[in-house]
$ cat start11.txt   # compact mmCIF, C-alpha atoms
# COMPACT_ATOMS: atom_id res chain seq x y z
CA MET A 1 97.10 250.31 32.54
CA SER A 2 99.15 249.76 35.69
CA ARG A 3 102.42 247.84 35.74
CA THR A 4 100.71 244.96 37.57
CA GLN A 5 97.96 244.76 34.97
CA ARG A 6 100.51 244.78 32.15
CA ALA A 7 102.46 242.00 33.84
CA ARG A 8 99.33 239.90 34.25
CA SER A 9 98.35 240.50 30.62
CA SER A 10 101.84 239.52 29.42
CA ALA A 11 101.81 236.38 31.54
CA GLY A 12 98.33 235.45 30.27
CA SER A 13 99.41 235.98 26.67
CA ALA A 14 102.49 233.81 27.19
CA ARG A 15 100.32 231.03 28.64
CA VAL A 16 97.97 231.21 25.65
CA TRP A 17 100.85 230.86 23.18
CA ARG A 18 102.38 228.07 25.26
CA ASP A 19 99.08 226.17 25.31
CA ALA A 20 98.64 226.70 21.56
CA LEU A 21 102.16 225.48 20.83
CA ALA A 22 101.61 222.40 23.00
CA ALA A 23 98.37 221.58 21.16
CA VAL A 24 99.96 221.94 17.72
CA VAL A 25 103.09 219.96 18.57
CA ALA A 26 101.07 217.21 20.22
CA GLY A 27 98.62 217.00 17.31
CA PHE A 28 101.29 216.77 14.61
CA VAL A 29 103.50 214.39 16.60
CA VAL A 30 100.59 211.99 17.15
CA MET A 31 99.61 212.16 13.46
CA ALA A 32 103.21 211.57 12.36
CA VAL A 33 103.62 208.61 14.71
CA VAL A 34 100.36 206.95 13.61
CA ALA A 35 101.13 207.59 9.92
CA SER A 36 104.71 206.31 10.27
CA ALA A 37 103.60 203.12 11.99
CA GLY A 38 100.87 202.46 9.43
CA LEU A 39 103.12 203.13 6.45
CA ALA A 40 105.95 201.03 7.89
CA LEU A 41 103.60 198.09 8.36
CA ALA A 42 102.34 198.62 4.80
CA GLY A 43 105.91 198.30 3.49
CA ALA A 44 106.65 201.96 2.76
CA GLY A 45 109.81 201.74 4.83
CA ASP A 46 111.47 199.96 1.90
CA LEU A 47 110.92 202.83 -0.54
CA PRO A 48 114.17 203.94 -2.21
CA GLY A 49 115.86 207.30 -2.08
CA GLY A 50 114.96 208.20 1.49
CA ALA A 51 111.35 208.64 0.45
CA PHE A 52 109.77 207.47 3.71
CA PRO A 53 109.75 210.84 5.53
CA HIS A 54 108.25 212.50 2.45
CA VAL A 55 105.47 209.92 2.28
CA VAL A 56 104.76 210.36 6.00
CA ALA A 57 104.57 214.12 5.49
CA ALA A 58 102.14 213.64 2.59
CA VAL A 59 99.87 211.44 4.70
CA VAL A 60 99.93 213.99 7.54
CA VAL A 61 99.11 216.77 5.08
CA MET A 62 96.12 214.84 3.74
CA ALA A 63 95.00 213.92 7.26
CA ALA A 64 95.08 217.56 8.33
CA GLY A 65 92.90 218.69 5.46
CA GLY A 66 95.66 219.44 2.95
CA SER A 67 95.86 218.61 -0.74
CA VAL A 68 98.46 216.36 -2.38
CA GLU A 69 98.65 216.27 -6.18
CA VAL A 70 99.90 213.21 -8.07
CA SER A 71 101.71 213.44 -11.42
CA GLY A 72 103.37 210.95 -13.73
CA GLY A 73 105.17 210.54 -17.01
CA ALA A 74 107.75 208.60 -18.99
CA GLY A 75 109.39 211.15 -21.23
CA LEU A 76 108.75 210.63 -24.97
CA LEU A 77 108.11 206.92 -24.49
CA ALA A 78 104.84 206.91 -22.59
CA GLY A 79 102.36 209.09 -20.86
CA ALA A 80 101.21 208.53 -17.30
CA ASP A 81 98.05 209.89 -15.73
CA ALA A 82 97.51 209.63 -11.98
CA SER A 83 95.13 211.12 -9.44
CA VAL A 84 94.22 210.36 -5.86
CA SER A 85 91.64 211.77 -3.50
CA LEU A 86 91.27 210.09 -0.13
CA LEU A 87 91.62 210.88 3.55
CA PRO A 88 93.52 208.63 6.01
CA LEU A 89 90.91 209.02 8.73
CA SER A 90 92.80 207.08 11.42
CA VAL A 91 95.54 209.70 11.27
CA THR A 92 92.95 212.48 11.10
CA LEU A 93 91.07 211.18 14.13
CA ALA A 94 94.23 210.78 16.20
CA GLY A 95 95.32 214.34 15.47
CA ALA A 96 91.86 215.79 16.04
CA LEU A 97 91.37 214.09 19.41
CA THR A 98 94.82 215.17 20.59
CA ALA A 99 94.66 218.79 19.41
CA GLY A 100 91.05 219.19 20.53
CA TRP A 101 91.78 217.89 24.03
CA CYS A 102 94.81 220.18 24.38
CA PHE A 103 92.73 223.16 23.24
CA LEU A 104 89.93 222.47 25.72
CA ARG A 105 92.03 221.51 28.75
CA PRO A 106 92.72 225.08 29.96
CA LEU A 107 89.02 225.96 29.57
CA HIS A 108 87.58 223.21 31.79
CA HIS A 109 85.56 223.84 34.94
CA ARG A 110 83.94 227.04 33.70
CA ALA A 111 80.40 227.57 32.45
CA VAL A 112 80.87 230.79 30.48
CA ALA A 113 83.73 232.38 28.52
CA GLY A 114 83.71 235.57 26.51
CA VAL A 115 83.91 235.55 22.73
CA ARG A 116 87.09 237.62 22.92
CA GLU A 117 88.79 235.11 25.21
CA LEU A 118 87.90 232.18 22.97
CA LEU A 119 89.15 234.03 19.90
CA LEU A 120 92.40 234.98 21.65
CA ARG A 121 92.93 231.32 22.52
CA ALA A 122 92.03 230.05 19.08
CA ALA A 123 94.03 232.56 17.00
CA PRO A 124 97.55 231.48 18.11
CA LEU A 125 96.63 227.81 17.72
CA VAL A 126 95.31 228.36 14.20
CA LEU A 127 98.40 230.36 13.20
CA LEU A 128 100.86 227.80 14.59
CA TRP A 129 98.83 224.95 13.06
CA LEU A 130 99.06 226.49 9.60
CA LEU A 131 102.80 227.06 9.99
CA ALA A 132 103.31 223.41 10.96
CA LEU A 133 101.10 222.33 8.06
CA LEU A 134 103.15 224.50 5.71
CA GLY A 135 106.33 222.77 6.87
CA CYS A 136 104.80 219.35 6.21
CA ALA A 137 103.56 220.51 2.79
CA LEU A 138 107.07 221.61 1.76
CA LEU A 139 108.42 218.21 2.81
CA ALA A 140 105.64 216.24 1.09
CA ARG A 141 107.09 215.80 -2.40
CA GLN A 142 108.78 212.79 -4.03
CA GLU A 143 109.06 210.91 -7.34
CA PHE A 144 109.13 207.12 -7.88
CA SER A 145 109.88 204.81 -10.77
CA VAL A 146 106.98 202.54 -11.72
CA SER A 147 107.54 198.81 -12.12
CA THR A 148 106.28 197.64 -15.51
CA GLY A 149 105.43 194.11 -14.38
CA ASP A 150 105.66 190.83 -16.28
CA SER A 151 103.10 191.38 -19.05
CA PRO A 152 104.35 191.55 -22.70
CA ALA A 153 103.42 195.23 -22.91
CA GLY A 154 105.06 195.86 -19.56
CA ASP A 155 108.25 194.14 -20.70
CA LEU A 156 108.28 196.27 -23.85
CA VAL A 157 107.85 199.45 -21.80
CA GLY A 158 110.66 198.40 -19.49
CA GLU A 159 113.06 197.58 -22.33
CA LEU A 160 112.33 200.79 -24.22
CA GLY A 161 112.55 202.74 -20.98
CA GLU A 162 116.03 201.41 -20.29
CA LEU A 163 117.07 202.12 -23.90
CA LEU A 164 115.76 205.68 -23.90
CA ASP A 165 116.43 206.37 -20.22
CA SER A 166 112.80 207.34 -19.72
CA ALA A 167 111.32 204.79 -17.32
CA PRO A 168 107.74 205.46 -16.20
CA LYS A 169 107.61 207.61 -13.09
CA VAL A 170 104.94 208.88 -10.77
CA GLY A 171 105.37 211.51 -8.11
CA PHE A 172 103.45 213.58 -5.61
CA ALA A 173 103.69 217.06 -4.20
CA ALA A 174 101.53 218.97 -1.78
CA SER A 175 99.70 221.96 -3.21
CA VAL A 176 100.63 224.71 -0.75
CA PRO A 177 97.75 227.16 -1.42
CA ALA A 178 95.10 224.42 -1.33
CA THR A 179 96.71 222.84 1.73
CA LEU A 180 96.66 226.08 3.69
CA GLY A 181 93.11 226.89 2.59
CA PHE A 182 91.60 223.50 3.40
CA GLY A 183 93.82 223.19 6.46
CA LEU A 184 92.39 226.46 7.81
CA LEU A 185 88.86 225.12 7.38
CA TRP A 186 89.92 221.85 9.03
CA ILE A 187 91.37 223.41 12.19
CA LEU A 188 88.52 225.92 12.54
CA GLY A 189 85.99 223.11 12.17
CA LEU A 190 87.84 221.08 14.79
CA LEU A 191 87.84 223.91 17.34
CA VAL A 192 84.13 224.66 16.82
CA THR A 193 83.24 220.96 17.06
CA ALA A 194 85.30 220.58 20.23
CA LEU A 195 83.44 223.44 21.88
CA LEU A 196 80.08 222.02 20.78
CA ILE A 197 80.59 218.50 22.12
CA SER A 198 82.69 219.06 25.23
CA ARG A 199 80.83 218.44 28.48
CA ARG A 200 82.95 220.94 30.44
CA ALA A 201 84.10 223.63 28.01
CA PRO A 202 82.55 227.09 28.42
CA LEU A 203 80.45 228.91 25.84
CA PRO A 204 79.85 232.63 25.30
CA ALA A 205 76.94 233.86 27.43
CA GLY A 206 74.76 234.45 24.36
CA LEU A 207 75.07 230.82 23.28
CA VAL A 208 74.54 229.09 26.62
CA ARG A 209 70.78 228.84 25.99
CA PHE A 210 71.45 226.67 22.93
CA HIS A 211 73.55 224.09 24.70
CA THR A 212 70.55 222.02 25.79
CA ALA A 213 69.61 221.45 22.15
CA VAL A 214 73.14 221.02 20.79
CA ARG A 215 75.59 219.53 23.26
CA PRO A 216 73.88 216.33 24.50
CA ALA A 217 72.97 215.21 20.97
CA ALA A 218 76.37 216.20 19.55
CA PHE A 219 78.18 214.42 22.36
CA ALA A 220 76.07 211.29 21.85
CA VAL A 221 76.74 211.19 18.10
CA VAL A 222 80.49 211.60 18.59
CA ALA A 223 80.34 208.80 21.18
CA LEU A 224 78.53 206.68 18.55
CA LEU A 225 81.28 207.31 15.98
CA LEU A 226 84.01 206.49 18.51
CA ALA A 227 82.15 203.33 19.55
CA TYR A 228 82.26 202.16 15.93
CA VAL A 229 85.99 202.84 15.86
CA ALA A 230 86.49 200.87 19.08
CA LEU A 231 84.50 197.91 17.76
CA GLY A 232 86.37 198.04 14.46
CA LEU A 233 89.71 198.13 16.30
CA LEU A 234 88.73 195.10 18.37
CA ALA A 235 87.59 193.19 15.27
CA GLY A 236 90.75 194.17 13.38
CA LEU A 237 93.01 192.96 16.19
CA VAL A 238 91.16 189.63 16.24
CA VAL A 239 91.58 189.31 12.47
CA ALA A 240 95.27 190.22 12.69
CA GLY A 241 95.85 187.61 15.37
CA THR A 242 93.88 184.75 13.84
CA GLN A 243 93.78 185.02 10.05
CA GLY A 244 97.32 185.96 9.05
CA HIS A 245 98.53 189.06 7.18
CA ALA A 246 98.90 190.78 10.56
CA ALA A 247 101.12 193.60 9.25
CA ARG A 248 98.70 194.47 6.43
CA THR A 249 95.71 194.39 8.79
CA LEU A 250 97.43 196.59 11.35
CA ALA A 251 98.42 199.02 8.59
CA VAL A 252 94.76 199.36 7.63
CA LEU A 253 93.82 199.98 11.27
CA LEU A 254 96.45 202.70 11.63
CA LEU A 255 95.64 204.46 8.37
CA GLY A 256 92.01 203.90 7.44
CA LEU A 257 89.98 202.28 10.23
CA PRO A 258 87.32 205.04 10.42
CA ASN A 259 87.00 204.94 6.63
CA LEU A 260 85.74 201.36 6.95
CA VAL A 261 83.72 201.44 10.17
CA TRP A 262 81.93 204.70 9.42
CA LEU A 263 81.11 203.32 5.98
CA ALA A 264 79.63 200.33 7.83
CA LEU A 265 77.57 202.73 9.96
CA THR A 266 76.03 204.39 6.91
CA LEU A 267 75.26 201.01 5.35
CA GLY A 268 73.69 199.79 8.59
CA LEU A 269 71.39 202.82 8.54
CA GLY A 270 70.18 201.80 5.06
CA GLY A 271 72.44 204.19 3.15
CA ALA A 272 74.05 203.38 -0.18
CA TRP A 273 77.29 204.02 -2.00
CA GLU A 274 78.40 203.38 -5.54
CA GLY A 275 81.81 202.68 -6.95
CA ARG A 276 84.12 200.36 -8.81
CA VAL A 277 87.50 198.72 -8.51
CA GLU A 278 89.35 197.77 -11.69
CA GLY A 279 92.92 196.89 -12.50
CA PRO A 280 95.58 195.51 -10.17
CA PHE A 281 94.98 198.18 -7.53
CA GLY A 282 92.33 198.13 -4.87
CA LEU A 283 91.24 199.47 -1.52
CA PRO A 284 92.25 197.99 1.84
CA MET A 285 88.71 196.75 2.25
CA PRO A 286 86.94 193.54 3.30
CA GLN A 287 86.86 190.96 0.54
CA VAL A 288 83.06 191.06 0.29
CA LEU A 289 83.15 194.78 -0.53
CA ASP A 290 85.89 194.28 -3.12
CA GLN A 291 83.77 191.57 -4.76
CA VAL A 292 80.78 193.90 -5.05
CA LEU A 293 82.85 196.76 -6.49
CA ARG A 294 85.16 194.77 -8.78
CA GLY A 295 84.43 195.56 -12.43
CA SER A 296 84.56 198.30 -15.03
CA ASP A 297 81.04 199.63 -14.34
CA LEU A 298 79.73 201.47 -11.31
CA SER A 299 78.17 199.10 -8.77
CA ALA A 300 75.65 199.96 -6.06
CA VAL A 301 76.74 199.12 -2.51
CA ASP A 302 74.17 198.66 0.23
CA VAL A 303 73.41 196.01 2.82
CA GLY A 304 71.40 193.98 0.31
CA ALA A 305 74.27 193.90 -2.20
CA LEU A 306 76.74 192.85 0.49
CA ALA A 307 74.32 190.23 1.87
CA ARG A 308 74.14 188.58 -1.55
CA GLN A 309 77.85 187.88 -1.16
CA ASP A 310 77.79 187.21 2.60
CA ALA A 311 74.60 186.97 4.68
CA ARG A 312 76.46 188.21 7.75
CA ALA A 313 76.21 191.73 6.30
CA TRP A 314 72.73 191.98 7.87
CA TRP A 315 74.46 192.28 11.23
CA LEU A 316 75.39 195.82 10.18
CA VAL A 317 71.74 196.79 10.66
CA VAL A 318 71.55 195.13 14.08
CA VAL A 319 74.74 196.81 15.32
CA ALA A 320 73.59 200.21 14.01
CA ALA A 321 70.20 199.88 15.72
CA LEU A 322 71.67 198.89 19.10
CA LEU A 323 74.42 201.51 19.16
CA LEU A 324 72.10 204.23 17.93
CA LEU A 325 69.56 203.42 20.63
CA GLY A 326 72.40 203.69 23.15
CA ALA A 327 73.27 207.10 21.71
CA GLY A 328 69.63 208.15 22.14
CA VAL A 329 69.66 207.12 25.79
CA LEU A 330 72.98 208.91 26.35
CA ALA A 331 71.65 212.11 24.81
CA ALA A 332 68.48 211.94 26.93
CA LEU A 333 70.41 211.37 30.17
CA GLY A 334 72.63 214.31 29.35
CA SER A 335 69.68 216.68 28.85
CA PRO A 336 67.47 218.40 31.44
CA ALA A 337 64.42 216.42 32.53
CA GLU A 338 62.02 218.96 31.02
CA VAL A 339 63.17 218.24 27.45
CA ARG A 340 60.36 216.30 25.76
CA PRO A 341 60.78 213.11 23.70
CA TRP A 342 59.89 214.83 20.41
CA GLN A 343 62.59 217.41 21.12
CA HIS A 344 65.14 214.66 21.73
CA ALA A 345 64.05 213.14 18.41
CA LEU A 346 64.59 216.42 16.58
CA HIS A 347 67.96 217.10 18.20
CA LEU A 348 69.38 213.64 17.50
CA ALA A 349 67.96 213.60 13.95
CA VAL A 350 69.79 216.82 13.08
CA ALA A 351 73.01 215.76 14.82
CA LEU A 352 73.13 212.34 13.15
CA ALA A 353 72.26 213.73 9.72
CA LEU A 354 75.11 216.26 9.97
CA ALA A 355 77.52 213.59 11.19
CA VAL A 356 76.61 211.20 8.36
CA LEU A 357 76.90 214.04 5.83
CA THR A 358 80.41 214.72 7.13
CA VAL A 359 81.30 211.01 6.97
CA CYS A 360 80.04 210.82 3.37
CA LEU A 361 82.20 213.78 2.35
CA LEU A 362 85.30 212.53 4.18
CA ALA A 363 85.14 208.83 3.31
CA ALA A 364 84.65 209.19 -0.45
CA VAL A 365 87.57 207.79 -2.45
CA ARG A 366 88.81 208.35 -5.98
CA ALA A 367 92.16 207.07 -7.26
CA ALA A 368 93.41 206.25 -10.74
CA PHE A 369 96.62 205.47 -12.55
CA GLY A 370 97.08 204.86 -16.26
CA LEU A 371 100.10 204.37 -18.51
CA SER A 372 99.83 204.77 -22.28
CA LEU A 373 102.55 203.40 -24.58
CA LEU A 374 103.61 205.70 -27.45
CA GLY A 375 100.19 207.29 -27.39
CA ILE A 376 98.50 204.04 -28.50
CA GLY A 377 96.50 203.33 -25.38
CA ASP A 378 96.64 202.10 -21.83
CA VAL A 379 99.08 199.32 -21.03
CA ASP A 380 97.24 196.28 -19.68
CA GLY A 381 98.05 195.51 -16.07
CA LEU A 382 99.54 198.94 -15.38
CA GLY A 383 96.36 200.96 -15.09
CA GLY A 384 93.71 200.92 -12.44
CA LYS A 385 90.86 202.86 -10.95
CA VAL A 386 89.25 202.88 -7.52
CA GLU A 387 86.13 204.91 -6.87
CA LEU A 388 83.66 205.03 -3.99
CA ARG A 389 81.12 207.80 -3.52
CA PRO A 390 77.92 208.08 -1.46
CA ALA A 391 74.30 208.25 -2.56
CA LEU A 392 74.12 211.43 -0.53
CA TRP A 393 70.42 212.23 -0.26
CA ARG A 394 69.38 208.66 0.52
CA THR A 395 72.10 208.16 3.13
CA VAL A 396 71.66 211.48 4.93
CA GLY A 397 67.86 211.29 4.77
CA LEU A 398 67.75 207.82 6.32
CA ALA A 399 70.22 208.95 8.98
CA ALA A 400 67.81 211.73 9.97
CA LEU A 401 64.94 209.23 10.25
CA TRP A 402 67.01 206.82 12.31
CA GLY A 403 68.18 209.68 14.52
CA ALA A 404 64.61 210.81 15.14
CA ALA A 405 63.51 207.29 16.06
CA ALA A 406 66.52 206.71 18.31
CA GLY A 407 66.08 210.09 19.99
CA PHE A 408 62.41 209.41 20.76
CA LEU A 409 62.92 205.82 21.95
CA GLY A 410 66.06 206.79 23.86
CA ALA A 411 64.11 209.48 25.75
CA LEU A 412 61.48 206.91 26.76
CA ALA A 413 64.12 204.35 27.77
CA ALA A 414 66.00 206.96 29.81
CA ARG A 415 63.03 207.78 32.06
CA PRO A 416 63.42 204.84 34.47
CA LEU A 417 67.20 205.34 34.47
CA ARG A 418 66.75 209.02 35.32
CA ARG A 419 64.51 208.18 38.29
CA ARG A 420 67.24 205.99 39.77
CA ARG A 421 69.80 208.79 39.71
CA PRO A 422 70.30 210.61 43.03
CA ALA A 423 68.45 213.90 43.31
CA THR A 424 70.42 217.14 43.22
CA ALA A 425 70.88 218.69 46.63
CA PRO A 426 68.82 221.85 47.29
CA GLY A 427 70.63 224.95 46.13
CA ALA A 428 73.22 222.98 44.22
CA ARG A 429 73.98 224.00 40.68
CA SER A 430 72.19 221.81 38.17
CA ALA A 431 73.98 221.29 34.89
CA PRO A 432 73.16 218.86 32.07
CA ARG A 433 75.59 216.01 31.77
CA GLY A 434 75.85 216.65 28.08
CA SER A 435 77.67 219.90 28.77
$ encode --input "start11.txt" --output "structure tokens"
Amino acid sequence: MSRTQRARSSAGSARVWRDALAAVVAGFVVMAVVASAGLALAGAGDLPGGAFPHVVAAVVVMAAGGSVEVSGGAGLLAGADASVSLLPLSVTLAGALTAGWCFLRPLHHRAVAGVRELLLRAAPLVLLWLLALLGCALLARQEFSVSTGDSPAGDLVGELGELLDSAPKVGFAASVPATLGFGLLWILGLLVTALLISRRAPLPAGLVRFHTAVRPAAFAVVALLLAYVALGLLAGLVVAGTQGHAARTLAVLLLGLPNLVWLALTLGLGGAWEGRVEGPFGLPMPQVLDQVLRGSDLSAVDVGALARQDARAWWLVVVAALLLLGAGVLAALGSPAEVRPWQHALHLAVALALAVLTVCLLAAVRAAFGLSLLGIGDVDGLGGKVELRPALWRTVGLAALWGAAAGFLGALAARPLRRRRPATAPGARSAPRGS
């Protein structure tokens, strides 16, 4: 290799590492800012012992695919049992959009890229991402004292705790092996998804023939998910400005907006969830959903169950139908004219089913805390459980049916719109808009 070639290779390698570092820094900074703002509005800024940065780190770890374990205890006086499994999807979405855009930016305006080039660009980003995630995981650990409340049992626990110096405590710590393992899957999934949905990112030559089937439908489904987030953000800002509790509402928007709006999408498609909310704890959810879930037994959640509490829940079906039809039209306009309506139906059915499956896996929630006094049993008012899990086969199956219908109808609706578009000049390169 000549000196000039070596210099060019060294400069190219430096640019790749610089781009990877920029993507990682931008992604983690955005996640930390969103998490900090949400937690501050939720009141976490008042936590004692300088705990706020540790809580922010824990939220970032969870948002980036990591695992945070919760533990509790009260010495010889009482036993505490705690567990939490949830994903702050607002933080996740902010980091994914930022890191994905930074990864794709240097690849724009090209139709084809070699597998080797893509791997050389992805490898530094993945390595730096895992190192940043490791740093957050080491910071994400803290222990808190638990207030025993005003109940008679709680007063007894508090008095005995002061006497024996063993007040109930609960803490959290990131599991480093699980965090790095799930975090690796998270960042790899993000990079693959970014390449699949981007309209301008290149693909390896061997995969270009698949982009007609994959990219327009994938792009349309991601646009559908982001449209739900935008509508939810608008509705949340209206609620914050008109119905009080602005700080709490904004905290929900900054930490868990996609958790709520993508749940609404699945319900609007006819899907179902089941869960329960018991004890003093709950989810930052609309009151109608809390009413359906409140109790010690599992409750089914679908549009019918919500409508029995509030008839406005039927609007979820209307919104889903309109936005999904728009996604079908968008996918059709982004595809070559020779793609037939039944093919659009198949493409959008698969894309929507996979998206809803992902939403079901990400939006499931399980959290519990219990305190037992001297081994006798749980202390009333100090234990709670929150659980929400999807009826997977029903929800994903109905999503596929809705996607097929929207893809077919969207292809028919796009025909007159396609005719109005200006024709491509002779000899000009024709590329689907979905790429």
$ residues_around --input "start11.txt" --residues "segment 51-61 of chain A" --least-positions-apart "4" --cutoff "8 Å" --atoms "all atoms listed in the file" --output "number ranges by chain"
A: 28, 31-32, 35-36, 39, 44-47, 65-68, 88, 91-92, 133, 136-137, 139-142, 173-174, 179
$ residues_around --input "start11.txt" --residues "Ala414 of chain A" --least-positions-apart "2" --cutoff "12 Å" --atoms "all atoms listed in the file" --output "ChimeraX atom specification"
/A:325-337,339-341,344,406-412,416-421
$ write_last_selection --input "start11.txt" --atoms "C-alpha atoms" --output "short mmCIF file (atom, residue, chain, number, x, y, z; two decimals), in the coordinates of the input"
data_model
loop_
_atom_site.label_atom_id
_atom_site.label_comp_id
_atom_site.auth_asym_id
_atom_site.auth_seq_id
_atom_site.Cartn_x
_atom_site.Cartn_y
_atom_site.Cartn_z
CA LEU A 325 69.56 203.42 20.63
CA GLY A 326 72.40 203.69 23.15
CA ALA A 327 73.27 207.10 21.71
CA GLY A 328 69.63 208.15 22.14
CA VAL A 329 69.66 207.12 25.79
CA LEU A 330 72.98 208.91 26.35
CA ALA A 331 71.65 212.11 24.81
CA ALA A 332 68.48 211.94 26.93
CA LEU A 333 70.41 211.37 30.17
CA GLY A 334 72.63 214.31 29.35
CA SER A 335 69.68 216.68 28.85
CA PRO A 336 67.47 218.40 31.44
CA ALA A 337 64.42 216.42 32.53
CA VAL A 339 63.17 218.24 27.45
CA ARG A 340 60.36 216.30 25.76
CA PRO A 341 60.78 213.11 23.70
CA HIS A 344 65.14 214.66 21.73
CA ALA A 406 66.52 206.71 18.31
CA GLY A 407 66.08 210.09 19.99
CA PHE A 408 62.41 209.41 20.76
CA LEU A 409 62.92 205.82 21.95
CA GLY A 410 66.06 206.79 23.86
CA ALA A 411 64.11 209.48 25.75
CA LEU A 412 61.48 206.91 26.76
CA PRO A 416 63.42 204.84 34.47
CA LEU A 417 67.20 205.34 34.47
CA ARG A 418 66.75 209.02 35.32
CA ARG A 419 64.51 208.18 38.29
CA ARG A 420 67.24 205.99 39.77
CA ARG A 421 69.80 208.79 39.71
#
$ atom_distance --input "start11.txt" --atom1 "atom CA of Pro216 of chain A" --atom2 "atom CA of Asp19 of chain A"
27.1 Å
$ atom_distance --input "start11.txt" --atom1 "atom CA of Asn259 of chain A" --atom2 "atom CA of Ala367 of chain A"
15.0 Å
$ residues_around --input "start11.txt" --residues "Ala264 of chain A" --least-positions-apart "4" --cutoff "8 Å" --atoms "all atoms listed in the file" --output "compact mmCIF listing (two decimals) with C-alpha atoms, in the coordinates of the input"
# COMPACT_ATOMS: atom_id res chain seq x y z
CA LEU A 260 85.74 201.36 6.95
CA GLY A 268 73.69 199.79 8.59
CA LEU A 316 75.39 195.82 10.18
$ atom_distance --input "start11.txt" --atom1 "atom CA of Val288 of chain A" --atom2 "atom CA of Gly270 of chain A"
17.4 Å
$ residues_around --input "start11.txt" --residues "Tyr228 of chain A" --least-positions-apart "6" --cutoff "12 Å" --atoms "only C-alpha atoms" --output "list in words"
Val221, Val222, Leu234, Ala235, Gly236, Leu257, Pro258, Asn259, Leu260, Val261, Trp262, Leu263, Ala264, Leu265, Thr266, Gly268, Leu316, Val319, Ala320, Leu322, Leu323, Leu324 and Ala327 of chain A
$ write_last_selection --input "start11.txt" --atoms "C-alpha atoms" --output "compact mmCIF listing (two decimals), keeping the file's coordinate frame"
# COMPACT_ATOMS: atom_id res chain seq x y z
CA VAL A 221 76.74 211.19 18.10
CA VAL A 222 80.49 211.60 18.59
CA LEU A 234 88.73 195.10 18.37
CA ALA A 235 87.59 193.19 15.27
CA GLY A 236 90.75 194.17 13.38
CA LEU A 257 89.98 202.28 10.23
CA PRO A 258 87.32 205.04 10.42
CA ASN A 259 87.00 204.94 6.63
CA LEU A 260 85.74 201.36 6.95
CA VAL A 261 83.72 201.44 10.17
CA TRP A 262 81.93 204.70 9.42
CA LEU A 263 81.11 203.32 5.98
CA ALA A 264 79.63 200.33 7.83
CA LEU A 265 77.57 202.73 9.96
CA THR A 266 76.03 204.39 6.91
CA GLY A 268 73.69 199.79 8.59
CA LEU A 316 75.39 195.82 10.18
CA VAL A 319 74.74 196.81 15.32
CA ALA A 320 73.59 200.21 14.01
CA LEU A 322 71.67 198.89 19.10
CA LEU A 323 74.42 201.51 19.16
CA LEU A 324 72.10 204.23 17.93
CA ALA A 327 73.27 207.10 21.71
$ closest_atom_pairs --input "start11.txt" --of "segment 178-197 of chain A" --to "segment 102-107 of chain A" --cutoff "12 Å" --atoms "only C-alpha atoms" --output "JSON lines"
{"residue": "A:Ile187", "atom": "CA", "partner": "A:Phe103", "partner_atom": "CA", "distance": 11.1}
{"residue": "A:Leu188", "atom": "CA", "partner": "A:Phe103", "partner_atom": "CA", "distance": 11.8}
{"residue": "A:Leu190", "atom": "CA", "partner": "A:Phe103", "partner_atom": "CA", "distance": 10.0}
{"residue": "A:Leu191", "atom": "CA", "partner": "A:Phe103", "partner_atom": "CA", "distance": 7.7}
{"residue": "A:Val192", "atom": "CA", "partner": "A:Phe103", "partner_atom": "CA", "distance": 10.8}
{"residue": "A:Thr193", "atom": "CA", "partner": "A:Leu104", "partner_atom": "CA", "distance": 11.0}
{"residue": "A:Ala194", "atom": "CA", "partner": "A:Leu104", "partner_atom": "CA", "distance": 7.4}
{"residue": "A:Leu195", "atom": "CA", "partner": "A:Leu104", "partner_atom": "CA", "distance": 7.6}
{"residue": "A:Leu196", "atom": "CA", "partner": "A:Leu104", "partner_atom": "CA", "distance": 11.0}
{"residue": "A:Ile197", "atom": "CA", "partner": "A:Leu104", "partner_atom": "CA", "distance": 10.8}
$ residues_around --input "start11.txt" --residues "Leu128 of chain A" --least-positions-apart "4" --cutoff "10 Å" --atoms "only C-alpha atoms" --output "PDB file with C-alpha atoms, in the frame of the given file"
ATOM      1  CA  TRP A  17     100.850 230.860  23.180  1.00  0.00           C
ATOM      2  CA  ALA A  20      98.640 226.700  21.560  1.00  0.00           C
ATOM      3  CA  LEU A  21     102.160 225.480  20.830  1.00  0.00           C
ATOM      4  CA  ALA A  23      98.370 221.580  21.160  1.00  0.00           C
ATOM      5  CA  VAL A  24      99.960 221.940  17.720  1.00  0.00           C
ATOM      6  CA  VAL A  25     103.090 219.960  18.570  1.00  0.00           C
ATOM      7  CA  ALA A 123      94.030 232.560  17.000  1.00  0.00           C
ATOM      8  CA  PRO A 124      97.550 231.480  18.110  1.00  0.00           C
ATOM      9  CA  ALA A 132     103.310 223.410  10.960  1.00  0.00           C
ATOM     10  CA  LEU A 133     101.100 222.330   8.060  1.00  0.00           C
ATOM     11  CA  LEU A 134     103.150 224.500   5.710  1.00  0.00           C
TER      12      LEU A 134
END
$ closest_residue --input "start11.txt" --among "A:Trp186, A:Phe219, A:Trp273, A:Trp342" --to "Ser299 of chain A" --atoms "only C-alpha atoms"
A:Trp273
$ closest_residue --input "start11.txt" --among "A:Glu338, A:His108, A:Ser90, A:Val126" --to "Arg415 of chain A" --atoms "only C-alpha atoms"
A:Glu338
$ closest_residue --input "start11.txt" --among "A:Ala64, A:Val112, A:Leu127, A:Leu253" --to "Val34 of chain A" --atoms "all atoms listed in the file"
A:Leu253
